[in-house]
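Dropping my_file-v2.txt in here (compact mmCIF, C-alpha atoms (C1' of nucleotides)):
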# COMPACT_ATOMS: atom_id res chain seq x y z
CA MET A 1 6.19 -17.35 -3.57
CA ALA A 2 4.91 -20.28 -1.54
CA LYS A 3 4.89 -23.70 -3.14
CA SER A 4 1.44 -25.08 -3.75
CA VAL A 5 0.24 -28.51 -2.75
CA ILE A 6 -3.00 -30.33 -3.28
CA VAL A 7 -3.92 -32.73 -0.52
CA GLY A 8 -6.09 -35.73 -1.17
CA MET A 9 -8.63 -35.53 1.59
CA SER A 10 -10.85 -38.40 2.57
CA GLY A 11 -12.64 -36.83 5.48
CA GLY A 12 -10.58 -38.80 7.95
CA VAL A 13 -8.20 -37.65 10.63
CA ASP A 14 -5.05 -38.60 8.74
CA SER A 15 -5.56 -36.49 5.65
CA SER A 16 -6.92 -33.69 7.84
CA VAL A 17 -3.66 -33.56 9.74
CA ALA A 18 -1.65 -33.89 6.54
CA ALA A 19 -3.30 -30.70 5.32
CA LEU A 20 -2.78 -29.05 8.69
CA LEU A 21 0.94 -29.81 8.72
CA LEU A 22 1.51 -28.60 5.19
CA LYS A 23 -0.32 -25.39 5.95
CA LYS A 24 1.86 -24.87 9.01
CA GLN A 25 4.91 -25.50 6.91
CA GLY A 26 3.96 -22.59 4.74
CA TYR A 27 2.59 -24.32 1.70
CA ASP A 28 -0.26 -22.94 -0.28
CA VAL A 29 -2.67 -25.80 0.47
CA THR A 30 -5.80 -26.90 -1.36
CA GLY A 31 -7.97 -29.84 -0.36
CA LEU A 32 -9.28 -32.23 -2.95
CA TYR A 33 -11.88 -34.83 -2.16
CA MET A 34 -12.27 -37.90 -4.31
CA LEU A 35 -15.51 -39.73 -4.88
CA ASN A 36 -14.82 -43.13 -6.38
CA TRP A 37 -17.79 -45.23 -5.43
CA GLU A 38 -21.32 -44.04 -5.97
CA GLU A 39 -23.67 -46.00 -3.84
CA THR A 40 -25.79 -45.56 -0.81
CA ASP A 41 -26.14 -48.11 1.93
CA GLY A 42 -29.33 -49.97 2.64
CA ARG A 43 -30.94 -47.01 4.34
CA GLY A 44 -30.21 -44.65 1.53
CA VAL A 45 -27.50 -42.91 3.47
CA CYS A 46 -24.42 -42.09 1.52
CA SER A 47 -21.38 -42.21 3.77
CA ALA A 48 -19.45 -40.30 1.13
CA ASP A 49 -21.67 -37.29 1.80
CA ALA A 50 -20.73 -37.38 5.46
CA ASP A 51 -17.07 -37.67 4.57
CA TYR A 52 -17.24 -34.74 2.23
CA ALA A 53 -18.96 -32.73 4.94
CA ASP A 54 -15.98 -33.49 7.16
CA VAL A 55 -13.62 -32.33 4.45
CA GLN A 56 -15.56 -29.09 4.23
CA ARG A 57 -15.42 -28.58 7.97
CA VAL A 58 -11.72 -29.27 8.21
CA CYS A 59 -10.84 -27.09 5.23
CA GLY A 60 -12.99 -24.37 6.73
CA ALA A 61 -11.11 -24.60 9.99
CA LEU A 62 -7.79 -24.53 8.17
CA ASP A 63 -9.01 -21.74 5.95
CA ILE A 64 -8.02 -23.45 2.74
CA PRO A 65 -9.98 -23.94 -0.47
CA PHE A 66 -11.31 -27.36 -1.38
CA TYR A 67 -12.82 -29.15 -4.34
CA SER A 68 -14.04 -32.58 -5.16
CA VAL A 69 -13.50 -34.83 -8.14
CA ASN A 70 -15.22 -37.95 -9.26
CA PHE A 71 -13.19 -40.91 -10.46
CA ALA A 72 -15.92 -43.48 -10.07
CA LYS A 73 -15.64 -44.47 -13.71
CA GLN A 74 -11.90 -45.01 -13.50
CA TYR A 75 -12.28 -46.88 -10.23
CA LEU A 76 -14.81 -49.20 -11.78
CA ASP A 77 -12.74 -49.79 -14.90
CA ARG A 78 -9.32 -50.07 -13.38
CA VAL A 79 -9.77 -51.36 -9.87
CA PHE A 80 -13.16 -52.91 -9.37
CA SER A 81 -13.17 -54.93 -12.59
CA TYR A 82 -9.83 -56.39 -11.59
CA PHE A 83 -11.21 -57.10 -8.15
CA LEU A 84 -14.08 -59.09 -9.61
CA SER A 85 -12.04 -60.97 -12.16
CA GLU A 86 -9.61 -62.05 -9.49
CA TYR A 87 -12.40 -63.40 -7.35
CA ARG A 88 -13.83 -65.12 -10.37
CA ALA A 89 -10.46 -66.79 -10.78
CA GLY A 90 -10.57 -68.02 -7.21
CA ARG A 91 -7.86 -65.71 -5.99
CA THR A 92 -7.89 -63.19 -3.16
CA PRO A 93 -7.24 -59.75 -4.61
CA ASN A 94 -6.06 -56.68 -2.84
CA PRO A 95 -7.94 -53.85 -4.51
CA ASP A 96 -6.40 -51.17 -2.38
CA VAL A 97 -2.97 -51.88 -3.79
CA LEU A 98 -4.24 -51.18 -7.28
CA CYS A 99 -6.32 -48.27 -6.12
CA ASN A 100 -3.14 -46.43 -5.23
CA ARG A 101 -1.48 -46.94 -8.60
CA GLU A 102 -4.60 -46.62 -10.72
CA ILE A 103 -6.43 -43.85 -8.91
CA LYS A 104 -4.70 -41.93 -6.16
CA PHE A 105 -1.31 -41.72 -7.81
CA GLY A 106 -2.83 -41.93 -11.27
CA PRO A 107 -5.79 -39.82 -12.39
CA PHE A 108 -5.97 -38.06 -9.07
CA ARG A 109 -2.33 -37.02 -9.14
CA ASP A 110 -2.56 -36.00 -12.80
CA TYR A 111 -5.62 -33.95 -12.09
CA ALA A 112 -4.02 -32.23 -9.14
CA LEU A 113 -0.84 -31.44 -11.00
CA SER A 114 -2.87 -30.14 -13.93
CA MET A 115 -4.27 -27.56 -11.53
CA ASN A 116 -0.74 -26.21 -11.43
CA ALA A 117 0.10 -27.60 -8.05
CA ASP A 118 3.75 -28.08 -7.30
CA TYR A 119 3.07 -31.15 -5.21
CA ILE A 120 0.37 -33.54 -4.18
CA ALA A 121 0.12 -35.04 -0.71
CA THR A 122 -1.90 -37.73 1.02
CA GLY A 123 -2.40 -38.92 4.56
CA HIS A 124 -0.61 -42.22 3.99
CA TYR A 125 1.62 -43.46 6.75
CA CYS A 126 4.83 -43.81 4.84
CA GLY A 127 7.95 -41.87 4.05
CA ILE A 128 9.38 -40.66 0.82
CA GLU A 129 12.81 -39.48 -0.21
CA HIS A 130 13.47 -37.57 -3.38
CA GLY A 131 17.02 -37.16 -4.62
CA ASP A 132 19.54 -37.67 -7.41
CA GLY A 133 16.86 -38.43 -9.92
CA ARG A 134 15.35 -41.23 -7.93
CA THR A 135 12.53 -41.53 -5.46
CA ARG A 136 12.59 -43.93 -2.58
CA LEU A 137 9.58 -45.13 -0.63
CA LEU A 138 10.24 -45.47 3.08
CA LYS A 139 8.44 -47.06 5.96
CA ALA A 140 6.50 -44.87 8.36
CA LYS A 141 7.78 -44.12 11.81
CA ASP A 142 4.67 -45.75 13.22
CA ALA A 143 5.44 -49.36 12.32
CA GLY A 144 1.97 -50.45 13.29
CA LYS A 145 0.37 -48.14 10.74
CA ASP A 146 2.93 -48.35 7.97
CA GLN A 147 1.10 -48.44 4.65
CA THR A 148 3.93 -49.02 2.22
CA TYR A 149 2.47 -52.46 1.59
CA PHE A 150 -0.40 -50.81 -0.25
CA LEU A 151 1.96 -48.68 -2.31
CA ASN A 152 4.14 -51.48 -3.61
CA GLN A 153 2.67 -51.28 -7.10
CA VAL A 154 2.94 -47.52 -7.50
CA TYR A 155 5.44 -46.63 -10.19
CA GLU A 156 8.45 -44.68 -9.07
CA ARG A 157 7.67 -41.82 -11.44
CA GLN A 158 4.19 -41.54 -9.89
CA LEU A 159 5.86 -40.66 -6.62
CA GLU A 160 7.59 -37.63 -8.04
CA ARG A 161 6.18 -34.44 -6.58
CA VAL A 162 4.48 -36.42 -3.83
CA LEU A 163 4.62 -35.53 -0.14
CA PHE A 164 3.71 -37.73 2.81
CA PRO A 165 3.46 -35.35 5.77
CA LEU A 166 2.65 -38.10 8.26
CA ALA A 167 5.89 -40.02 7.71
CA GLY A 168 7.39 -39.17 11.07
CA LEU A 169 4.26 -39.29 13.20
CA THR A 170 2.52 -41.98 15.12
CA LYS A 171 -1.21 -42.38 14.96
CA SER A 172 -1.65 -41.05 18.46
CA GLU A 173 0.45 -38.00 17.63
CA VAL A 174 -1.74 -37.40 14.61
CA ARG A 175 -4.88 -37.57 16.69
CA LYS A 176 -3.34 -35.25 19.26
CA LEU A 177 -2.46 -32.73 16.58
CA ALA A 178 -5.99 -32.87 15.24
CA GLU A 179 -7.39 -32.32 18.69
CA ASP A 180 -5.00 -29.51 19.61
CA ASN A 181 -5.87 -27.72 16.40
CA GLY A 182 -9.58 -28.15 16.79
CA LEU A 183 -10.13 -30.38 13.77
CA SER A 184 -13.52 -32.03 13.86
CA THR A 185 -12.12 -35.32 12.62
CA ALA A 186 -9.88 -35.78 15.67
CA GLU A 187 -12.04 -38.49 17.16
CA LYS A 188 -13.29 -40.01 13.96
CA LYS A 189 -12.86 -43.73 13.84
CA ASP A 190 -10.28 -45.09 11.42
CA SER A 191 -11.83 -46.27 8.24
CA THR A 192 -11.54 -49.90 7.32
CA GLY A 193 -12.81 -52.06 4.55
CA ILE A 194 -12.09 -51.63 0.90
CA CYS A 195 -10.90 -48.11 0.21
CA PHE A 196 -13.76 -45.96 -1.13
CA ILE A 197 -16.24 -48.77 -0.80
CA GLY A 198 -15.95 -49.13 2.93
CA GLU A 199 -16.82 -51.77 5.44
CA ARG A 200 -19.77 -53.92 4.63
CA ASN A 201 -21.01 -57.46 4.66
CA PHE A 202 -18.50 -58.96 2.33
CA ARG A 203 -20.51 -61.93 1.19
CA LYS A 204 -23.58 -59.93 0.44
CA PHE A 205 -21.50 -57.41 -1.42
CA LEU A 206 -19.78 -59.95 -3.64
CA GLN A 207 -23.06 -61.69 -4.22
CA GLU A 208 -24.33 -58.62 -5.99
CA TYR A 209 -21.65 -58.97 -8.61
CA LEU A 210 -20.69 -62.61 -8.89
CA PRO A 211 -22.82 -65.73 -9.07
CA ALA A 212 -22.14 -68.12 -6.23
CA GLN A 213 -21.84 -71.83 -6.82
CA SER A 214 -22.07 -74.00 -3.75
CA GLY A 215 -20.12 -77.21 -3.51
CA LYS A 216 -18.46 -79.69 -1.23
CA ILE A 217 -16.00 -79.13 1.56
CA LEU A 218 -13.48 -81.95 1.76
CA THR A 219 -10.53 -82.75 3.96
CA LEU A 220 -7.22 -83.41 2.27
CA ASP A 221 -7.98 -87.10 2.80
CA GLY A 222 -11.06 -86.75 0.66
CA GLU A 223 -13.65 -86.97 3.40
CA THR A 224 -16.72 -84.82 2.86
CA VAL A 225 -17.29 -82.66 5.93
CA GLY A 226 -19.62 -79.97 4.75
CA GLU A 227 -20.79 -77.69 2.01
CA HIS A 228 -19.43 -74.32 0.93
CA ILE A 229 -21.51 -71.50 -0.50
CA GLY A 230 -19.13 -70.51 -3.28
CA LEU A 231 -15.35 -70.73 -3.44
CA MET A 232 -14.92 -66.99 -3.85
CA TYR A 233 -16.09 -66.38 -0.31
CA TYR A 234 -13.13 -68.17 1.19
CA THR A 235 -9.45 -67.45 1.33
CA ILE A 236 -6.51 -69.59 2.32
CA GLY A 237 -6.00 -69.72 6.07
CA GLN A 238 -9.56 -68.69 6.83
CA ARG A 239 -11.45 -70.37 9.66
CA LYS A 240 -14.56 -68.29 10.22
CA GLY A 241 -17.61 -68.90 8.13
CA LEU A 242 -17.02 -72.56 7.47
CA ASP A 243 -19.80 -73.58 9.83
CA LEU A 244 -17.91 -76.74 10.68
CA GLY A 245 -18.15 -77.92 14.27
CA GLY A 246 -16.30 -80.46 16.35
CA LYS A 247 -14.77 -83.58 14.98
CA ARG A 248 -14.98 -86.92 16.77
CA GLY A 249 -12.01 -87.50 19.01
CA GLU A 250 -10.14 -84.35 18.04
CA GLU A 251 -9.87 -80.82 19.29
CA GLY A 252 -9.06 -78.01 16.93
CA ARG A 253 -10.39 -75.61 14.37
CA TRP A 254 -11.01 -75.98 10.70
CA PHE A 255 -8.99 -73.92 8.26
CA VAL A 256 -9.24 -73.46 4.52
CA VAL A 257 -6.11 -74.92 2.97
CA LYS A 258 -6.86 -75.21 -0.74
CA LYS A 259 -9.37 -74.40 -3.43
CA ASP A 260 -10.07 -76.52 -6.47
CA LEU A 261 -11.83 -74.33 -9.02
CA GLU A 262 -12.18 -77.10 -11.55
CA ARG A 263 -14.10 -79.36 -9.24
CA ASN A 264 -15.53 -76.55 -7.13
CA VAL A 265 -14.17 -78.10 -3.97
CA LEU A 266 -12.99 -76.35 -0.85
CA TYR A 267 -10.32 -78.21 1.08
CA VAL A 268 -9.99 -77.83 4.83
CA SER A 269 -7.78 -79.11 7.58
CA HIS A 270 -8.79 -79.74 11.18
CA GLY A 271 -6.39 -78.77 13.94
CA ASP A 272 -3.30 -79.36 11.87
CA GLU A 273 -2.16 -76.12 10.26
CA THR A 274 0.96 -77.48 8.66
CA PRO A 275 -0.71 -77.71 5.23
CA LEU A 276 -0.90 -73.92 5.32
CA TYR A 277 2.84 -73.47 5.49
CA SER A 278 4.73 -72.96 2.25
CA LYS A 279 8.39 -72.54 1.44
CA ALA A 280 8.30 -70.33 -1.63
CA CYS A 281 6.05 -68.52 -4.06
CA ARG A 282 6.16 -67.07 -7.53
CA ALA A 283 5.40 -63.41 -8.06
CA SER A 284 4.73 -61.47 -11.23
CA GLY A 285 3.96 -57.89 -12.17
CA LEU A 286 7.06 -56.83 -10.33
CA ASN A 287 7.44 -53.17 -9.64
CA TRP A 288 10.59 -51.61 -8.20
CA ILE A 289 10.72 -48.28 -6.46
CA GLY A 290 14.04 -46.49 -6.20
CA TYR A 291 15.77 -49.81 -6.56
CA MET A 292 17.62 -51.69 -9.27
CA PRO A 293 17.37 -55.37 -8.40
CA SER A 294 20.16 -57.74 -9.32
CA GLN A 295 19.24 -61.11 -10.75
CA SER A 296 19.24 -62.65 -7.34
CA PHE A 297 19.27 -61.04 -3.93
CA GLU A 298 18.18 -61.37 -0.34
CA CYS A 299 15.85 -59.01 1.45
CA ALA A 300 12.87 -58.89 3.80
CA ALA A 301 9.33 -59.43 2.59
CA LYS A 302 5.72 -59.35 3.64
CA PHE A 303 3.00 -61.43 2.03
CA ARG A 304 0.10 -59.57 3.48
CA TYR A 305 -0.49 -56.32 5.24
CA ARG A 306 0.31 -56.17 8.95
CA GLN A 307 2.48 -59.21 9.02
CA PRO A 308 6.03 -59.16 10.34
CA GLU A 309 8.75 -59.09 7.71
CA GLN A 310 10.39 -62.32 6.69
CA SER A 311 13.79 -63.08 5.25
CA VAL A 312 13.60 -64.24 1.67
CA LYS A 313 15.74 -64.86 -1.37
CA VAL A 314 14.45 -63.41 -4.62
CA THR A 315 15.51 -64.78 -7.98
CA LEU A 316 14.34 -62.97 -11.08
CA ASP A 317 13.51 -64.71 -14.33
CA ASP A 318 11.56 -64.11 -17.52
CA SER A 319 8.11 -64.34 -16.03
CA GLY A 320 8.68 -62.72 -12.68
CA ALA A 321 10.44 -63.93 -9.60
CA LEU A 322 10.86 -66.93 -7.39
CA VAL A 323 10.64 -65.91 -3.75
CA GLU A 324 12.09 -68.47 -1.37
CA PHE A 325 11.38 -68.28 2.35
CA TYR A 326 13.96 -68.99 5.00
CA GLU A 327 11.16 -69.88 7.36
CA PRO A 328 7.96 -71.58 6.17
CA GLN A 329 5.17 -69.03 5.79
CA ARG A 330 1.57 -69.50 6.80
CA ALA A 331 -1.25 -68.94 4.35
CA VAL A 332 0.57 -67.21 1.53
CA THR A 333 -2.26 -66.55 -0.87
CA GLU A 334 -2.56 -66.09 -4.63
CA GLY A 335 -3.71 -62.61 -5.52
CA GLN A 336 -2.10 -60.96 -2.52
CA TYR A 337 1.20 -59.17 -2.91
CA ALA A 338 4.74 -60.05 -1.97
CA VAL A 339 6.30 -56.76 -0.93
CA PHE A 340 10.03 -56.36 -0.48
CA TYR A 341 11.94 -54.32 2.04
CA ASP A 342 15.52 -53.37 2.75
CA SER A 343 15.61 -51.97 6.27
CA GLU A 344 13.61 -48.74 6.04
CA ALA A 345 13.01 -48.82 2.31
CA CYS A 346 10.11 -50.43 0.52
CA LEU A 347 11.64 -51.79 -2.67
CA GLY A 348 8.40 -52.64 -4.41
CA GLY A 349 6.66 -55.93 -4.94
CA GLY A 350 4.67 -58.23 -7.13
CA VAL A 351 1.46 -60.19 -7.10
CA ILE A 352 1.60 -63.77 -5.84
CA GLU A 353 0.85 -66.09 -8.75
CA SER A 354 1.43 -69.45 -7.16
CA VAL A 355 2.58 -70.93 -3.90
CA ILE A 356 5.11 -73.71 -3.52
CA TYR A 357 4.60 -76.02 -0.56
C1' U B 1 -39.00 -107.28 18.01
C1' G B 2 -32.92 -112.56 20.47
C1' G B 3 -28.39 -110.23 22.55
C1' G B 4 -25.26 -105.86 23.35
C1' G B 5 -24.47 -100.57 23.13
C1' U B 6 -25.65 -95.33 22.85
C1' G B 7 -28.90 -91.11 23.54
C1' U B 8 -26.00 -84.07 27.58
C1' C B 9 -26.25 -76.83 23.26
C1' G B 10 -25.93 -76.82 15.76
C1' C B 11 -21.12 -80.36 16.14
C1' C B 12 -17.50 -82.88 19.33
C1' A B 13 -17.47 -83.87 24.58
C1' A B 14 -16.87 -83.91 30.42
C1' G B 15 -20.03 -85.37 34.28
C1' C B 16 -21.54 -91.40 37.02
C1' G B 17 -26.67 -88.92 43.61
C1' G B 18 -25.65 -82.84 45.44
C1' U B 19 -27.82 -78.96 42.12
C1' A B 20 -24.91 -78.77 33.63
C1' A B 21 -16.70 -78.39 32.34
C1' G B 22 -14.30 -77.47 27.89
C1' G B 23 -13.43 -77.21 22.56
C1' C B 24 -15.60 -76.20 17.70
C1' A B 25 -19.51 -73.63 15.27
C1' C B 26 -22.49 -69.35 15.76
C1' G B 27 -23.56 -64.06 17.49
C1' G B 28 -21.51 -59.35 19.24
C1' G B 29 -17.17 -56.29 20.01
C1' A B 30 -11.72 -54.90 19.54
C1' U B 31 -7.71 -54.82 15.95
C1' U B 32 -7.37 -53.77 10.45
C1' U B 33 -7.57 -48.74 4.20
C1' U B 34 -7.94 -56.11 0.87
C1' G B 35 -9.86 -60.82 2.16
C1' A B 36 -8.19 -63.35 6.31
C1' U B 37 -5.66 -64.31 10.81
C1' U B 38 -5.56 -62.77 16.11
C1' C B 39 -7.90 -61.01 20.66
C1' C B 40 -12.26 -60.12 24.06
C1' C B 41 -17.37 -61.07 25.43
C1' G B 42 -21.86 -63.94 24.91
C1' C B 43 -23.98 -68.72 24.09
C1' A B 44 -28.23 -75.56 27.65
C1' U B 45 -32.90 -73.46 34.61
C1' U B 46 -31.51 -78.14 31.23
C1' C B 47 -29.39 -83.52 30.10
C1' G B 48 -34.27 -88.70 24.06
C1' U B 49 -39.20 -89.25 26.48
C1' A B 50 -42.97 -90.65 30.41
C1' G B 51 -43.22 -92.10 35.22
C1' G B 52 -40.86 -93.75 39.97
C1' U B 53 -37.15 -93.81 44.28
C1' U B 54 -34.73 -89.75 47.15
C1' C B 55 -34.22 -83.92 51.25
C1' A B 56 -31.76 -83.82 46.37
C1' A B 57 -31.22 -87.26 39.86
C1' A B 58 -28.14 -85.83 33.68
C1' U B 59 -26.45 -89.29 37.20
C1' C B 60 -30.50 -95.03 40.52
C1' C B 61 -35.19 -97.95 38.84
C1' U B 62 -39.25 -98.95 35.13
C1' G B 63 -41.93 -98.26 30.49
C1' C B 64 -41.65 -96.12 25.75
C1' C B 65 -39.00 -93.88 21.47
C1' A B 66 -34.60 -93.28 18.29
C1' C B 67 -29.97 -94.73 16.45
C1' C B 68 -25.79 -98.25 16.17
C1' C B 69 -23.54 -103.21 16.39
C1' C B 70 -23.85 -108.61 16.65
C1' A B 71 -26.83 -112.48 15.77
C1' G B 72 -31.15 -114.02 12.67
Show me, as structure tokens, the structure contained in the file I just sent.
Amino acid sequence: MAKSVIVGMSGGVDSSVAALLLKKQGYDVTGLYMLNWEETDGRGVCSADADYADVQRVCGALDIPFYSVNFAKQYLDRVFSYFLSEYRAGRTPNPDVLCNREIKFGPFRDYALSMNADYIATGHYCGIEHGDGRTRLLKAKDAGKDQTYFLNQVYERQLERVLFPLAGLTKSEVRKLAEDNGLSTAEKKDSTGICFIGERNFRKFLQEYLPAQSGKILTLDGETVGEHIGLMYYTIGQRKGLDLGGKRGEEGRWFVVKKDLERNVLYVSHGDETPLYSKACRASGLNWIGYMPSQSFECAAKFRYRQPEQSVKVTLDDSGALVEFYEPQRAVTEGQYAVFYDSEACLGGGVIESVIY
RNA sequence: UGGGGUGUCGCCAAGCGGUAAGGCACGGGAUUUUGAUUCCCGCAUUCGUAGGUUCAAAUCCUGCCACCCCAG
């Protein structure tokens, strides 16, 4: 009897092709759509409806059954509340990292497996290797789309019975497959923005949930150069949105280099980006996937998505880890994740608690 | 109300008689399952203002206005 798999389908091309491939491989495939954010845009149009319609179309074309589930409550409690509290604390959270552990590989996976599926699958660009009682998370073949960064906090046991059909494909191959098989999502634009919430005016969005407190913008020398509209709207290394123009006698751009929550001051630097470069950081909430770290070891790391890997030395201690950089790193930011790699394997990661300059 | 200086896009800033560089900001787009970064495109018929000289002025002349500095 064929093994059964439930595919998390978003209505995008990636999960469409994931379902397609599994079906071709002989699995008994069922599509499952997740609704995690209940809101319409300004015009009263709910993009989730359109996405679900795409799921229906694709599943129809593949001739597989499909259902939908609603985890909006869980998303709010376990991802969005964290998102807001991090911003309140002046940090720059990465909700999509938690979304994977707390939703997709949490309630969603549990739900799917409770429907007696043998496996669950998603359209993530990453690889997975099951064997000798351990599961390893691997980078995708398409380095430019690799999404292991977002999975660094997923517990190893949550990856059991998980399939990633897109592991060996590039994005263009995926689109080609969709097209060749007549899937309506073949040309659909890649989704961006916060997962499930989508792309939107970030400031306006945050404004709906958090009170903004304007304050001064100072240089590191203490010179007042402008006014900010609320520290939460800025992140380290940012240059857009400062509304700061030219400076007498100098050429260059302004960058956010520091936030002072206590005094509600945003610090900026003009031209000179050296204040953005740090030599180490502290990470906590460490999660290891298919890996048993020794007390101290060297590996590669990324401090944000879509950044080249860097050589680092990791030293574990009671409260987390000290991550030392061999090369100074630009704009390492509290709230983002330090994710560790050993050649093709994603070892896991932790949230950046503090940065050492 | 004596002397000197400066007034060019929101901010810096070229130009110094030949028909408005550039950077920053800002807007739009590309990239991107966070927020950023990065990349591309756009962005002064007009040079504080009113006259004058000239074929031609932001550039020369004159008045006025504003700001700055030094003297009072």
Determine, counting all atoms listed in the file, which protein, DNA and RNA residues have an atom within 10 Å of an atom of A58 in chain B; residues of the same chain fewer than 5 positions away are not included. Present the result as a JSON list (two decimals) with C-alpha atoms (C1' of nucleotides), keeping the file's coordinate frame.
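Listing of selection05.json after writing:
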[["chain", "number", "residue", "atom", "x", "y", "z"],
["B", 8, "U", "C1'", -26.00, -84.07, 27.58],
["B", 15, "G", "C1'", -20.03, -85.37, 34.28],
["B", 16, "C", "C1'", -21.54, -91.40, 37.02],
["B", 20, "A", "C1'", -24.91, -78.77, 33.63],
["B", 46, "U", "C1'", -31.51, -78.14, 31.23],
["B", 47, "C", "C1'", -29.39, -83.52, 30.10]]
Show which residues sit within 8 Å of range 25-28 of chain B, as a PyMOL selection string. Count all atoms listed in the file, and ignore same-chain residues fewer than 2 positions away. (chain A and resi 243-246) or (chain B and resi 10-11+41-42)
Put the listed atoms of range 21-27 of chain B in a box along x, y and z with 6 Å added on every side and give me the centre and edge lengths in Å to one decimal, as JSON.
{"center_x": -18.5, "center_y": -71.2, "center_z": 23.8, "size_x": 22.1, "size_y": 26.3, "size_z": 29.1}
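With only C-alpha atoms (C1' of nucleotides) taken into account, chain B has B:G10, B:C11, B:C12, B:A13, B:G23, B:C24, B:A25, B:C26, B:U32, B:U33, B:U34, B:G35, B:A36, B:U37 at most 9 Å from chain A.
Taking CA of Lys3 in chain A as the reference point, CA of Ile120 in chain A is found at 10.9 Å.
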List the neighbours of Asp63 in chain A out to 12 Å using only C-alpha atoms (C1' of nucleotides); skip same-chain residues closer than 3 positions along the sequence, and give me the result as a ChimeraX atom specification. /A:19-20,23-24,28-31,55-60,66,183
List the spatial neighbours of Leu286 in chain A as a PyMOL selection string - criterion: any atom at most 9 Å away, only C-alpha atoms (C1' of nucleotides), same-chain residues fewer than 3 positions off excluded. chain A and resi 153+283+320-321+348-351
Do a neighbour search on Ala112 in chain A at 12 Å with only C-alpha atoms (C1' of nucleotides), toss out local chain neighbours closer than 4 positions, and write the hits as a VMD selection string. chain A and resid 4 to 8 29 to 34 66 to 69 103 to 108 116 to 122 161 to 162
